[in-house]
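> Coordinates in query.tsv, TSV, C-alpha atoms, are listed below.
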chain	number	residue	atom	x	y	z
Z	278	MET	CA	-0.94	17.60	16.85
Z	279	THR	CA	-2.29	19.37	13.78
Z	280	LYS	CA	-0.92	19.17	10.25
Z	281	SER	CA	0.80	22.56	10.62
Z	282	GLU	CA	2.39	21.44	13.90
Z	283	LEU	CA	3.58	18.26	12.17
Z	284	ILE	CA	5.12	20.31	9.36
Z	285	SER	CA	6.91	22.53	11.90
Z	286	ALA	CA	8.23	19.48	13.78
Z	287	VAL	CA	9.44	17.81	10.57
Z	288	ALA	CA	11.14	21.04	9.48
Z	289	GLU	CA	12.91	21.36	12.82
Z	290	LYS	CA	14.01	17.71	13.12
Z	291	ALA	CA	15.14	17.39	9.49
Z	292	GLY	CA	16.73	20.83	9.30
Z	293	LEU	CA	14.45	21.89	6.45
Z	294	LYS	CA	12.61	25.08	5.67
Z	295	LYS	CA	8.90	24.90	6.46
Z	296	VAL	CA	8.04	25.06	2.74
Z	297	GLU	CA	10.24	22.02	2.05
Z	298	ALA	CA	8.81	20.13	5.05
Z	299	GLU	CA	5.27	20.93	3.87
Z	300	LYS	CA	6.10	19.48	0.44
Z	301	ALA	CA	7.56	16.35	2.08
Z	302	VAL	CA	4.52	15.81	4.32
Z	303	ALA	CA	2.15	16.41	1.39
Z	304	ALA	CA	4.13	13.97	-0.77
Z	305	PHE	CA	3.99	11.33	1.98
Z	306	ILE	CA	0.22	11.73	2.38
Z	307	THR	CA	-0.32	11.62	-1.40
Z	308	THR	CA	1.87	8.52	-1.74
Z	309	VAL	CA	0.11	6.63	1.06
Z	310	THR	CA	-3.31	7.63	-0.28
Z	311	GLY	CA	-2.38	6.55	-3.82
Z	312	ALA	CA	-1.05	3.19	-2.64
Z	313	LEU	CA	-4.20	2.48	-0.62
Z	314	LYS	CA	-6.44	3.51	-3.53
Z	315	LYS	CA	-4.69	0.89	-5.67
Z	316	GLY	CA	-5.19	-1.70	-2.94
Z	317	ASP	CA	-1.49	-1.89	-2.12
Z	318	LYS	CA	-0.08	-2.38	1.37
Z	319	LEU	CA	2.56	0.11	2.55
Z	320	SER	CA	4.97	-1.16	5.23
Z	321	LEU	CA	7.38	1.07	7.13
Z	322	VAL	CA	9.57	-1.29	9.15
Z	323	GLY	CA	9.50	-0.36	12.83
Z	324	PHE	CA	6.68	2.16	12.34
Z	325	GLY	CA	3.74	0.20	10.98
Z	326	THR	CA	1.69	-0.94	8.02
Z	327	PHE	CA	-1.00	0.94	6.11
Z	328	SER	CA	-3.53	-1.28	4.35
Z	329	THR	CA	-7.19	-1.50	3.40
Z	330	ALA	CA	-9.99	-3.80	4.48
Z	331	LYS	CA	-13.38	-4.53	2.98
Z	332	ARG	CA	-16.31	-3.82	5.27
Z	333	ALA	CA	-19.53	-5.64	4.42
Z	334	ALA	CA	-22.88	-3.91	4.07
Z	335	ARG	CA	-24.88	-3.95	7.27
Z	336	LYS	CA	-27.99	-2.64	8.99
Z	337	GLY	CA	-27.69	0.33	11.31
Z	338	GLN	CA	-29.86	2.67	13.31
Z	339	ASN	CA	-29.93	6.45	13.38
Z	340	PRO	CA	-29.38	7.26	17.07
Z	341	GLN	CA	-31.38	10.51	16.87
Z	342	THR	CA	-34.49	9.15	15.19
Z	343	GLY	CA	-34.22	5.42	15.84
Z	344	LYS	CA	-34.90	4.80	12.14
Z	345	LYS	CA	-33.30	1.67	10.64
Z	346	ILE	CA	-30.84	2.39	7.82
Z	347	ASN	CA	-28.74	0.37	5.39
Z	348	ILE	CA	-25.03	1.04	5.60
Z	349	PRO	CA	-23.36	0.20	2.26
Z	350	ALA	CA	-20.24	-1.92	1.87
Z	351	ALA	CA	-17.01	0.06	1.89
Z	352	VAL	CA	-13.24	-0.23	1.67
Z	353	VAL	CA	-11.66	1.36	4.73
Z	354	PRO	CA	-8.04	2.30	5.49
Z	355	LYS	CA	-6.27	0.49	8.34
Z	356	PHE	CA	-3.06	1.09	10.23
Z	357	LYS	CA	-1.26	-1.57	12.25
Z	358	PRO	CA	1.54	-0.17	14.41
Z	359	GLY	CA	4.92	-1.89	14.33
Z	360	LYS	CA	6.75	-3.34	17.30
Z	361	THR	CA	9.18	-0.41	17.62
Z	362	LEU	CA	6.36	2.15	17.62
Z	363	LYS	CA	4.36	0.15	20.20
Z	364	GLU	CA	7.39	-0.10	22.46
Z	365	ALA	CA	8.16	3.62	22.14
Z	366	VAL	CA	4.58	4.60	22.99
Z	367	ASN	CA	4.45	2.22	25.97
Z	368	SER	CA	7.85	3.11	27.42
Z	369	LYS	CA	7.86	5.00	30.72
Z	370	LYS	CA	10.53	7.49	29.56
Before anything else, please render the file you have as structure tokens.

Amino acid sequence: MTKSELISAVAEKAGLKKVEAEKAVAAFITTVTGALKKGDKLSLVGFGTFSTAKRAARKGQNPQTGKKINIPAAVVPKFKPGKTLKEAVNSKK
């Protein structure tokens, strides 16, 4: 599903115009991004939790050239699905 398909689905399910749904999706993305930038955790009960994790610097290898490279430390976004979402995805219906 692409972002435009998501906007169309949100508009249809919420009974909104596409412009309003686009604003809602953009606001959600901006809010989640802002919270993660601040280091906050964002929990949506039943859906999942957005958080960040620190990844240590490490050695790597360029697969094309075989050259050894240093990969710097980074903060990466994480998502842990909630129980309700896991059950919905794994249901046979």
> So how far away is atom CA of Ala334 of chain Z from atom CA of Asn347 of chain Z, in Å?
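Between atom CA of Asn347 of chain Z and atom CA of Ala334 of chain Z the gap is 7.4 Å.
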> Atom CA of Leu283 of chain Z to atom CA of Thr329 of chain Z: how many Å, to one decimal?
24.2 Å
> Could you work out how far atom CA of Gly325 of chain Z lies from atom CA of Lys290 of chain Z, giving the answer in Å with one decimal?
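Between these atoms lies a distance of 20.4 Å.
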> Can I get the residues of segment 290-337 of chain Z within 10 Å of segment 351-370 of chain Z, each with the closest pair of atoms and their distance in Å to one decimal, using all atoms listed in the file, sorted chain first then ascending number, as JSON lines?

{"residue": "Z:Thr310", "atom": "CA", "partner": "Z:Pro354", "partner_atom": "CA", "distance": 9.2}
{"residue": "Z:Leu313", "atom": "CA", "partner": "Z:Pro354", "partner_atom": "CA", "distance": 7.2}
{"residue": "Z:Lys314", "atom": "CA", "partner": "Z:Pro354", "partner_atom": "CA", "distance": 9.2}
{"residue": "Z:Gly316", "atom": "CA", "partner": "Z:Val352", "partner_atom": "CA", "distance": 9.4}
{"residue": "Z:Lys318", "atom": "CA", "partner": "Z:Lys355", "partner_atom": "CA", "distance": 9.8}
{"residue": "Z:Leu319", "atom": "CA", "partner": "Z:Phe356", "partner_atom": "CA", "distance": 9.6}
{"residue": "Z:Ser320", "atom": "CA", "partner": "Z:Gly359", "partner_atom": "CA", "distance": 9.1}
{"residue": "Z:Leu321", "atom": "CA", "partner": "Z:Gly359", "partner_atom": "CA", "distance": 8.2}
{"residue": "Z:Val322", "atom": "CA", "partner": "Z:Gly359", "partner_atom": "CA", "distance": 7.0}
{"residue": "Z:Gly323", "atom": "CA", "partner": "Z:Thr361", "partner_atom": "CA", "distance": 4.8}
{"residue": "Z:Phe324", "atom": "CA", "partner": "Z:Gly359", "partner_atom": "CA", "distance": 4.8}
{"residue": "Z:Gly325", "atom": "CA", "partner": "Z:Pro358", "partner_atom": "CA", "distance": 4.1}
{"residue": "Z:Thr326", "atom": "CA", "partner": "Z:Lys357", "partner_atom": "CA", "distance": 5.2}
{"residue": "Z:Phe327", "atom": "CA", "partner": "Z:Phe356", "partner_atom": "CA", "distance": 4.6}
{"residue": "Z:Ser328", "atom": "CA", "partner": "Z:Lys355", "partner_atom": "CA", "distance": 5.2}
{"residue": "Z:Thr329", "atom": "CA", "partner": "Z:Pro354", "partner_atom": "CA", "distance": 4.4}
{"residue": "Z:Ala330", "atom": "CA", "partner": "Z:Val353", "partner_atom": "CA", "distance": 5.4}
{"residue": "Z:Lys331", "atom": "CA", "partner": "Z:Val352", "partner_atom": "CA", "distance": 4.5}
{"residue": "Z:Arg332", "atom": "CA", "partner": "Z:Ala351", "partner_atom": "CA", "distance": 5.2}
{"residue": "Z:Ala333", "atom": "CA", "partner": "Z:Ala351", "partner_atom": "CA", "distance": 6.7}
{"residue": "Z:Ala334", "atom": "CA", "partner": "Z:Ala351", "partner_atom": "CA", "distance": 7.4}
> Give the answer as one residue: which of Z:Ala312, Z:Met278, Z:Ile284, Z:Ile348 has the shortest atom-to-atom distance to Glu299 of chain Z, using only C-alpha atoms?
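Among Z:Ala312, Z:Met278, Z:Ile284, Z:Ile348, it is Z:Ile284 that comes nearest to Glu299 of chain Z.
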